[in-house]
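Coordinates as given in start.cif (mmCIF, C-alpha atoms):
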```
data_my_file
#
loop_
_atom_site.label_atom_id
_atom_site.label_comp_id
_atom_site.auth_asym_id
_atom_site.auth_seq_id
_atom_site.Cartn_x
_atom_site.Cartn_y
_atom_site.Cartn_z
CA MET A 1 1.23 -31.87 10.22
CA GLU A 2 2.57 -30.33 13.41
CA GLY A 3 1.71 -33.53 15.27
CA ARG A 4 3.77 -35.63 12.85
CA SER A 5 6.73 -33.26 13.23
CA ALA A 6 6.54 -33.52 17.01
CA VAL A 7 6.43 -37.32 16.87
CA TRP A 8 9.37 -37.40 14.44
CA LEU A 9 11.38 -35.04 16.65
CA LEU A 10 10.63 -37.15 19.72
CA ALA A 11 11.73 -40.31 17.91
CA VAL A 12 15.01 -38.68 16.87
CA LEU A 13 15.67 -37.49 20.42
CA LEU A 14 14.98 -40.95 21.83
CA LEU A 15 17.29 -42.52 19.26
CA LEU A 16 20.08 -40.07 20.08
CA GLU A 17 19.61 -40.69 23.78
CA ALA A 18 19.79 -44.43 23.22
CA LEU A 19 22.98 -44.09 21.15
CA ILE A 20 24.61 -41.84 23.71
CA SER A 21 23.61 -44.17 26.53
CA ALA A 22 24.97 -47.23 24.71
CA GLU A 23 28.26 -45.48 23.97
CA ALA A 24 28.57 -44.31 27.57
CA GLN A 25 28.22 -47.89 28.80
CA ASN A 26 31.18 -49.12 26.76
CA THR A 27 34.21 -49.80 28.94
CA LEU A 28 37.52 -48.45 27.62
CA LYS A 29 40.38 -50.91 28.04
CA TYR A 30 44.01 -50.51 26.95
CA LEU A 31 46.22 -53.51 26.33
CA GLU A 32 49.88 -53.82 25.38
CA VAL A 33 50.76 -55.42 22.04
CA GLY A 34 51.36 -59.11 22.62
CA GLY A 35 49.34 -59.15 25.84
CA LYS A 36 46.36 -61.29 26.84
CA LEU A 37 42.82 -59.91 26.78
CA VAL A 38 40.39 -61.19 29.40
CA LEU A 39 36.73 -60.08 29.19
CA ARG A 40 34.07 -61.13 31.66
CA PRO A 41 30.35 -60.85 30.90
CA GLU A 42 27.84 -59.70 33.48
CA PRO A 43 26.58 -62.56 35.68
CA VAL A 44 23.31 -64.19 34.61
CA SER A 45 20.78 -65.80 36.91
CA SER A 46 20.08 -68.82 34.73
CA ARG A 47 22.38 -71.55 33.43
CA ILE A 48 24.34 -70.55 30.35
CA ILE A 49 23.18 -72.43 27.27
CA GLY A 50 24.61 -70.14 24.62
CA VAL A 51 27.48 -67.62 24.28
CA THR A 52 28.41 -65.40 21.35
CA TRP A 53 31.31 -62.95 21.53
CA LYS A 54 31.46 -60.38 18.75
CA PHE A 55 34.29 -58.15 17.53
CA ASN A 56 32.90 -55.06 15.80
CA ASP A 57 30.52 -56.61 13.23
CA GLY A 58 32.14 -60.05 13.18
CA ILE A 59 32.24 -63.11 15.41
CA VAL A 60 35.04 -64.06 17.81
CA GLY A 61 33.57 -67.26 19.18
CA GLU A 62 30.09 -68.81 19.20
CA TRP A 63 28.64 -71.71 21.18
CA ASP A 64 25.20 -73.23 21.72
CA GLU A 65 24.50 -76.13 24.04
CA GLY A 66 24.84 -79.43 22.23
CA GLN A 67 27.13 -77.96 19.57
CA GLU A 68 30.87 -77.42 19.27
CA LEU A 69 32.36 -74.04 20.07
CA GLU A 70 33.39 -72.32 16.82
CA TYR A 71 35.83 -69.45 16.34
CA SER A 72 36.39 -67.08 13.44
CA PRO A 73 39.61 -67.66 11.44
CA ILE A 74 41.11 -64.46 12.87
CA PHE A 75 40.82 -65.67 16.47
CA ARG A 76 40.80 -69.46 16.08
CA ASP A 77 44.36 -70.06 17.35
CA ARG A 78 44.36 -67.39 20.05
CA ALA A 79 40.84 -67.20 21.57
CA SER A 80 39.02 -69.34 24.11
CA VAL A 81 35.53 -69.02 25.58
CA ASP A 82 34.55 -70.60 28.88
CA THR A 83 31.07 -72.00 28.21
CA THR A 84 30.21 -72.15 31.92
CA THR A 85 31.06 -68.51 32.74
CA GLY A 86 31.15 -66.84 29.32
CA VAL A 87 34.65 -65.44 29.96
CA LEU A 88 36.61 -64.64 26.78
CA GLU A 89 40.39 -64.84 26.61
CA ILE A 90 42.48 -63.83 23.60
CA SER A 91 46.28 -64.24 23.68
CA ASN A 92 48.95 -62.35 21.70
CA MET A 93 46.77 -59.33 20.95
CA MET A 94 47.81 -57.20 17.98
CA LYS A 95 46.93 -53.65 16.94
CA ASN A 96 44.37 -54.88 14.39
CA HIS A 97 42.48 -56.50 17.27
CA SER A 98 41.53 -53.06 18.58
CA GLY A 99 37.78 -52.49 18.49
CA LEU A 100 34.47 -53.07 20.22
CA TYR A 101 33.82 -56.44 21.85
CA THR A 102 30.26 -57.37 22.84
CA VAL A 103 28.64 -60.53 24.15
CA GLU A 104 25.32 -62.32 23.92
CA ILE A 105 24.41 -64.75 26.69
CA ASN A 106 21.45 -67.09 26.09
CA ASN A 107 20.56 -65.12 22.93
CA ARG A 108 20.35 -61.85 24.86
CA LYS A 109 22.85 -59.07 24.17
CA GLN A 110 24.31 -57.59 27.30
CA SER A 111 24.28 -53.82 27.66
CA GLY A 112 27.45 -51.99 26.87
CA GLY A 113 30.63 -53.45 25.47
CA HIS A 114 34.39 -53.36 25.78
CA ASP A 115 36.23 -50.75 23.72
CA VAL A 116 39.65 -52.40 23.49
CA ARG A 117 42.67 -50.50 22.22
CA VAL A 118 45.94 -52.36 21.69
CA ILE A 119 48.98 -50.10 21.91
CA LYS A 120 52.76 -50.37 22.20
CA GLN A 121 54.80 -49.72 25.30
CA VAL A 122 56.50 -46.31 25.30
CA PRO A 123 60.21 -46.36 24.37
CA LYS A 124 63.03 -45.17 26.62
CA PRO A 125 62.99 -41.44 25.86
CA VAL A 126 65.91 -39.12 25.24
CA VAL A 127 65.74 -35.66 26.78
CA MET A 128 67.31 -33.09 24.46
CA ILE A 129 68.07 -29.37 24.55
CA THR A 130 67.69 -27.42 21.32
CA PRO A 131 68.93 -25.61 19.37
CA LEU A 132 72.46 -27.00 19.39
CA THR A 133 73.69 -23.42 19.78
CA CYS A 134 71.98 -23.12 23.20
CA THR A 135 74.50 -21.67 25.69
CA LYS A 136 74.61 -19.84 29.02
CA GLU A 137 74.14 -16.61 27.09
CA SER A 138 70.87 -17.73 25.42
CA GLU A 139 67.68 -16.07 26.65
CA SER A 140 65.72 -19.33 26.36
CA CYS A 141 65.95 -22.78 24.78
CA PHE A 142 63.72 -25.81 24.20
CA LEU A 143 63.59 -29.03 26.18
CA SER A 144 62.17 -32.03 24.32
CA CYS A 145 61.32 -35.62 25.22
CA ASP A 146 62.14 -37.61 22.10
CA GLY A 147 61.42 -41.21 21.07
CA ASP A 148 59.44 -43.27 18.56
CA ILE A 149 55.86 -43.24 19.90
CA THR A 150 54.25 -44.77 16.82
CA ASP A 151 51.24 -46.88 17.91
CA ALA A 152 51.89 -45.93 21.56
CA ASP A 153 49.24 -43.20 21.92
CA PRO A 154 47.92 -41.79 24.12
CA VAL A 155 51.30 -40.65 25.49
CA THR A 156 51.77 -38.17 28.32
CA PHE A 157 55.06 -36.32 28.83
CA TYR A 158 56.67 -35.27 32.10
CA PHE A 159 59.81 -33.31 32.96
CA ARG A 160 61.86 -33.16 36.13
CA LYS A 161 64.32 -30.41 36.98
CA GLY A 162 67.13 -31.65 39.19
CA GLY A 163 65.72 -33.39 42.26
CA GLY A 164 62.32 -31.73 41.93
CA ASP A 165 58.91 -33.25 41.24
CA TRP A 166 57.73 -34.55 37.88
CA GLU A 167 55.65 -31.97 36.01
CA GLU A 168 53.35 -32.83 33.13
CA GLY A 169 53.87 -30.91 29.89
CA GLU A 170 53.94 -31.03 26.13
CA GLN A 171 56.56 -33.05 24.27
CA ASN A 172 58.52 -29.81 23.77
CA ILE A 173 58.69 -27.11 26.43
CA THR A 174 60.50 -23.78 26.74
CA ILE A 175 63.09 -23.26 29.46
CA MET A 176 63.97 -19.69 30.40
CA ASN A 177 67.44 -18.56 31.42
CA ASP A 178 66.38 -17.22 34.82
CA ALA A 179 67.49 -17.65 38.42
CA THR A 180 65.13 -20.61 38.98
CA THR A 181 66.43 -22.55 35.98
CA GLN A 182 70.06 -21.63 36.70
CA ALA A 183 69.79 -23.41 40.07
CA VAL A 184 69.00 -26.74 38.34
CA PRO A 185 71.99 -28.91 37.34
CA LYS A 186 70.21 -31.49 35.16
CA PHE A 187 66.96 -32.27 33.34
CA PHE A 188 65.05 -35.56 32.99
CA CYS A 189 61.94 -36.57 31.04
CA ARG A 190 59.37 -39.36 31.23
CA MET A 191 56.98 -40.93 28.72
CA LYS A 192 53.83 -42.57 30.04
CA ASN A 193 50.83 -44.29 28.47
CA PRO A 194 48.10 -46.58 29.85
CA VAL A 195 50.35 -49.68 29.64
CA GLY A 196 53.57 -48.34 31.17
CA GLU A 197 56.11 -45.56 31.66
CA THR A 198 59.86 -45.06 31.04
CA ASP A 199 62.34 -42.41 32.18
CA SER A 200 65.24 -40.89 30.27
CA GLU A 201 68.85 -40.44 31.31
CA SER A 202 69.76 -36.93 32.43
CA VAL A 203 71.04 -34.04 30.35
CA ASP A 204 73.14 -31.16 31.71
CA ASN A 205 71.47 -27.79 32.05
CA PRO A 206 73.34 -25.24 29.90
CA PHE A 207 71.98 -22.41 32.08
CA SER A 208 73.25 -23.90 35.35
CA VAL A 209 75.55 -21.62 37.33
CA GLY A 210 78.16 -24.38 37.46
CA ALA A 211 77.49 -25.79 34.00
CA ASN A 212 81.04 -25.23 32.68
CA THR A 213 82.90 -24.99 36.01
CA GLY A 214 84.26 -28.52 35.80
CA VAL A 215 85.50 -27.98 32.28
CA ILE A 216 87.20 -24.71 33.19
CA VAL A 217 88.80 -26.08 36.37
CA GLY A 218 89.91 -29.17 34.51
CA ALA A 219 91.49 -27.07 31.81
CA ILE A 220 93.31 -24.90 34.36
CA VAL A 221 94.55 -27.89 36.35
CA GLY A 222 95.62 -29.58 33.15
CA SER A 223 97.53 -26.53 32.04
CA VAL A 224 99.29 -26.19 35.40
CA VAL A 225 100.22 -29.87 35.42
CA GLY A 226 101.41 -29.58 31.85
CA VAL A 227 103.62 -26.63 32.71
CA LEU A 228 105.07 -28.42 35.73
CA VAL A 229 105.74 -31.57 33.72
CA ALA A 230 107.32 -29.59 30.91
CA GLY A 231 109.47 -27.75 33.43
CA ALA A 232 110.53 -30.97 35.08
CA VAL A 233 111.44 -32.51 31.75
CA ALA A 234 113.34 -29.43 30.67
CA GLY A 235 115.16 -29.35 33.99
CA GLY A 236 116.05 -33.03 33.68
CA VAL A 237 117.39 -32.53 30.18
CA ALA A 238 119.44 -29.52 31.27
CA ALA A 239 120.86 -31.41 34.28
CA SER A 240 121.75 -34.36 32.09
CA ARG A 241 123.49 -32.07 29.56
CA HIS A 242 125.38 -30.32 32.34
CA LYS A 243 126.55 -33.65 33.75
CA HIS A 244 127.67 -34.73 30.32
CA LEU A 245 129.70 -31.60 29.90
CA ILE A 246 131.42 -32.13 33.25
CA LEU A 247 132.36 -35.66 32.33
CA VAL A 248 133.80 -34.55 29.03
CA THR A 249 135.82 -31.75 30.46
CA SER A 250 137.21 -33.88 33.26
#
```
Could you write out this structure as structure tokens?
Amino acid sequence: MEGRSAVWLLAVLLLLEALISAEAQNTLKYLEVGGKLVLRPEPVSSRIIGVTWKFNDGIVGEWDEGQELEYSPIFRDRASVDTTTGVLEISNMMKNHSGLYTVEINNRKQSGGHDVRVIKQVPKPVVMITPLTCTKESESCFLSCDGDITDADPVTFYFRKGGGDWEEGEQNITIMNDATTQAVPKFFCRMKNPVGETDSESVDNPFSVGANTGVIVGAIVGSVVGVLVAGAVAGGVAASRHKHLILVTS
């Protein structure tokens, strides 16, 4: 009885090892929606007389020497298999084409496969400061990198303070109103995934020492100019009235 248990346990361990090994050999490949997938089988020593590419549990394309190459309805208008090299090409890849691709050459399945994931390009992000009531008097606020990332995962977020380096972070980070942050005039953010990256426009730092200086100076200059203009106009009107009175009295 103990012998049977040991044999059963050994069989389970070997099966698990085989499954783990097979999974580890799969190559992860990301592709942008609408892109072309190119998969190359391992070289074989003998002449190729048969090729079968599979997608999950179905067939992409199948060929045996002396017969026509056949494709499944899903891939018929977008796939091609080179019968001399075994290379598979699929154009205009869509999200539903994500999955495991494996190949058999000369009726022998090659080890490992291609774990293909079709994702969207990241959008141009918008860097935002929240809450809307965030001011120079706030103790801290939030900095977020916003955009529609549906079907774009995995997405990584980065932030840049002024002319500094890009720093990886979560989609929303906390910024403290301290001396370090006050020295930064603007914030930027970046979205990145395996098929590309895009940067945002800048947003003004509400904690910056000079954040409202331009507004204040502009207001003061505007007021001074307004006073001078008003004075000039009033003086012109008074001079004109005085001249009119002189003409009348003369």
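The nearest approach to Lys192 (chain A) among the residues A:Ser144, A:Thr150, A:Ser208, A:Thr156, with all atoms listed in the file taken into account, belongs to A:Thr156.
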Can you tell me, as AutoDock Vina command-line options, the centre and edge lengths (Å, one decimal) of the axis-aligned box enclosing all of region 92-105 of chain A's listed atoms after padding each side by 8 Å?
```
--center_x 36.7 --center_y -58.6 --center_z 20.5 --size_x 40.5 --size_y 28.3 --size_z 28.3
```
request  = Would you please work out which residue, of A:Leu143, A:Val126, A:Ile90, A:Ile59, is nearest to Val103 (chain A) when using all atoms listed in the file?
outcome  = A:Ile59
key: Ground truth for the PyMOL selection byres ((chain A and resi 163-172) around 12), written as an MDAnalysis selection string   = chainID A and resid 125:130 141:147 149 155:162 173:175 180:181 183:192 199 202
request  = Enumerate, as a VMD selection string, the residues matched when the PyMOL selection byres ((chain A and resi 71) around 8) is run on the file above.
outcome  = chain A and resid 59 to 62 69 to 70 72 to 73 75 to 76 79
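The space between CA of Thr198 (chain A) and CA of Pro123 (chain A) spans 6.8 Å.
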message = Please determine, counting all atoms listed in the file, which residue among A:Glu68, A:Glu42, A:Asp148, A:Glu32 has the shortest atom-to-atom distance to Met93 (chain A).
response = A:Glu32
task = Evaluate the PyMOL selection byres ((chain A and resi 55) around 8) on the structure here and hand back the selected residues as a PyMOL selection string.
result = chain A and resi 53-54+56-60+99-102
Residue nearest Arg47 (chain A) - candidates A:Ile105, A:Val118, A:Leu28, A:Met176, atoms counted: all atoms listed in the file = A:Ile105
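Put simply, CA of Leu132 (chain A) is 29.0 Å away from CA of Pro154 (chain A).
In this comparison, which uses all atoms listed in the file, the residue of A:Gly50, A:Val209, A:Ser80, A:Lys36 approaching Val116 (chain A) most closely is A:Lys36.
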request  = Measuring atom to atom with all atoms listed in the file, identify which of A:Ser98, A:Thr135, A:Ser46, A:Asn26 is nearest to Arg117 (chain A).
outcome  = A:Ser98
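Between CA of Ile48 (chain A) and CA of Gly86 (chain A) there is a distance of 7.8 Å.
Within 10 Å of the point (30.1, -77.9, 25.0), and counting all atoms listed in the file, the protein, DNA and RNA residues are Ile49, Gly50, Trp63, Asp64, Glu65, Gly66, Gln67, Glu68, Leu69, Asp82, Thr83 and Thr84 of chain A.
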Shell around Asn92 (chain A) at 9 Å using all atoms listed in the file, local window under 3 positions removed, as a PyMOL selection string = chain A and resi 33-37+78
How would region 114-134 of chain A of the given structure read as a file with N, CA, C and O atoms, as a PDB file, in the first residue's frame?
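Dumped to part-v4.pdb:
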```
ATOM      1  N   HIS A 114       4.341  30.013 -28.146  1.00  0.00           N
ATOM      2  CA  HIS A 114       4.392  31.476 -28.174  1.00  0.00           C
ATOM      3  C   HIS A 114       3.113  32.013 -27.526  1.00  0.00           C
ATOM      4  O   HIS A 114       2.026  31.872 -28.092  1.00  0.00           O
ATOM      5  N   ASP A 115       3.271  32.590 -26.345  1.00  0.00           N
ATOM      6  CA  ASP A 115       2.141  33.188 -25.638  1.00  0.00           C
ATOM      7  C   ASP A 115       1.984  34.613 -26.154  1.00  0.00           C
ATOM      8  O   ASP A 115       2.691  35.528 -25.729  1.00  0.00           O
ATOM      9  N   VAL A 116       1.058  34.805 -27.089  1.00  0.00           N
ATOM     10  CA  VAL A 116       0.884  36.093 -27.761  1.00  0.00           C
ATOM     11  C   VAL A 116      -0.254  36.877 -27.117  1.00  0.00           C
ATOM     12  O   VAL A 116      -1.349  36.351 -26.921  1.00  0.00           O
ATOM     13  N   ARG A 117       0.032  38.124 -26.798  1.00  0.00           N
ATOM     14  CA  ARG A 117      -0.984  38.997 -26.202  1.00  0.00           C
ATOM     15  C   ARG A 117      -1.094  40.269 -27.037  1.00  0.00           C
ATOM     16  O   ARG A 117      -0.133  41.025 -27.159  1.00  0.00           O
ATOM     17  N   VAL A 118      -2.269  40.489 -27.598  1.00  0.00           N
ATOM     18  CA  VAL A 118      -2.511  41.636 -28.469  1.00  0.00           C
ATOM     19  C   VAL A 118      -3.135  42.751 -27.639  1.00  0.00           C
ATOM     20  O   VAL A 118      -4.199  42.567 -27.040  1.00  0.00           O
ATOM     21  N   ILE A 119      -2.458  43.891 -27.582  1.00  0.00           N
ATOM     22  CA  ILE A 119      -2.915  45.000 -26.749  1.00  0.00           C
ATOM     23  C   ILE A 119      -2.930  46.299 -27.542  1.00  0.00           C
ATOM     24  O   ILE A 119      -2.329  46.394 -28.618  1.00  0.00           O
ATOM     25  N   LYS A 120      -3.601  47.310 -26.991  1.00  0.00           N
ATOM     26  CA  LYS A 120      -3.664  48.616 -27.633  1.00  0.00           C
ATOM     27  C   LYS A 120      -2.480  49.478 -27.206  1.00  0.00           C
ATOM     28  O   LYS A 120      -1.903  49.286 -26.136  1.00  0.00           O
ATOM     29  N   GLN A 121      -2.161  50.441 -28.057  1.00  0.00           N
ATOM     30  CA  GLN A 121      -1.172  51.446 -27.711  1.00  0.00           C
ATOM     31  C   GLN A 121      -1.728  52.312 -26.575  1.00  0.00           C
ATOM     32  O   GLN A 121      -2.941  52.517 -26.476  1.00  0.00           O
ATOM     33  N   VAL A 122      -0.867  52.804 -25.708  1.00  0.00           N
ATOM     34  CA  VAL A 122      -1.339  53.682 -24.634  1.00  0.00           C
ATOM     35  C   VAL A 122      -1.777  55.024 -25.222  1.00  0.00           C
ATOM     36  O   VAL A 122      -1.216  55.482 -26.224  1.00  0.00           O
ATOM     37  N   PRO A 123      -2.784  55.666 -24.634  1.00  0.00           N
ATOM     38  CA  PRO A 123      -3.228  56.974 -25.139  1.00  0.00           C
ATOM     39  C   PRO A 123      -2.284  58.076 -24.670  1.00  0.00           C
ATOM     40  O   PRO A 123      -1.426  57.849 -23.817  1.00  0.00           O
ATOM     41  N   LYS A 124      -2.447  59.275 -25.211  1.00  0.00           N
ATOM     42  CA  LYS A 124      -1.708  60.431 -24.698  1.00  0.00           C
ATOM     43  C   LYS A 124      -2.307  60.774 -23.341  1.00  0.00           C
ATOM     44  O   LYS A 124      -3.486  61.128 -23.255  1.00  0.00           O
ATOM     45  N   PRO A 125      -1.545  60.677 -22.277  1.00  0.00           N
ATOM     46  CA  PRO A 125      -2.127  60.889 -20.944  1.00  0.00           C
ATOM     47  C   PRO A 125      -2.313  62.363 -20.613  1.00  0.00           C
ATOM     48  O   PRO A 125      -1.751  63.244 -21.275  1.00  0.00           O
ATOM     49  N   VAL A 126      -3.094  62.588 -19.583  1.00  0.00           N
ATOM     50  CA  VAL A 126      -3.305  63.937 -19.039  1.00  0.00           C
ATOM     51  C   VAL A 126      -2.880  63.894 -17.582  1.00  0.00           C
ATOM     52  O   VAL A 126      -3.402  63.093 -16.803  1.00  0.00           O
ATOM     53  N   VAL A 127      -1.927  64.734 -17.218  1.00  0.00           N
ATOM     54  CA  VAL A 127      -1.495  64.783 -15.823  1.00  0.00           C
ATOM     55  C   VAL A 127      -2.377  65.790 -15.095  1.00  0.00           C
ATOM     56  O   VAL A 127      -2.573  66.917 -15.551  1.00  0.00           O
ATOM     57  N   MET A 128      -2.956  65.363 -13.970  1.00  0.00           N
ATOM     58  CA  MET A 128      -3.926  66.183 -13.248  1.00  0.00           C
ATOM     59  C   MET A 128      -3.568  66.274 -11.773  1.00  0.00           C
ATOM     60  O   MET A 128      -2.983  65.344 -11.199  1.00  0.00           O
ATOM     61  N   ILE A 129      -3.926  67.405 -11.179  1.00  0.00           N
ATOM     62  CA  ILE A 129      -3.738  67.604  -9.739  1.00  0.00           C
ATOM     63  C   ILE A 129      -5.109  67.652  -9.091  1.00  0.00           C
ATOM     64  O   ILE A 129      -5.985  68.408  -9.524  1.00  0.00           O
ATOM     65  N   THR A 130      -5.309  66.838  -8.091  1.00  0.00           N
ATOM     66  CA  THR A 130      -6.575  66.804  -7.358  1.00  0.00           C
ATOM     67  C   THR A 130      -6.297  66.881  -5.862  1.00  0.00           C
ATOM     68  O   THR A 130      -5.202  66.528  -5.420  1.00  0.00           O
ATOM     69  N   PRO A 131      -7.309  67.350  -5.100  1.00  0.00           N
ATOM     70  CA  PRO A 131      -8.629  67.833  -5.529  1.00  0.00           C
ATOM     71  C   PRO A 131      -8.524  69.202  -6.200  1.00  0.00           C
ATOM     72  O   PRO A 131      -7.459  69.823  -6.196  1.00  0.00           O
ATOM     73  N   LEU A 132      -9.646  69.648  -6.769  1.00  0.00           N
ATOM     74  CA  LEU A 132      -9.656  70.944  -7.444  1.00  0.00           C
ATOM     75  C   LEU A 132      -9.366  72.087  -6.485  1.00  0.00           C
ATOM     76  O   LEU A 132      -9.004  73.184  -6.913  1.00  0.00           O
ATOM     77  N   THR A 133      -9.545  71.830  -5.187  1.00  0.00           N
ATOM     78  CA  THR A 133      -9.311  72.865  -4.171  1.00  0.00           C
ATOM     79  C   THR A 133      -7.858  72.900  -3.726  1.00  0.00           C
ATOM     80  O   THR A 133      -7.522  73.592  -2.766  1.00  0.00           O
ATOM     81  N   CYS A 134      -6.975  72.158  -4.405  1.00  0.00           N
ATOM     82  CA  CYS A 134      -5.557  72.135  -4.046  1.00  0.00           C
ATOM     83  C   CYS A 134      -4.942  73.519  -4.267  1.00  0.00           C
ATOM     84  O   CYS A 134      -5.033  74.073  -5.363  1.00  0.00           O
TER      85      CYS A 134
END
```
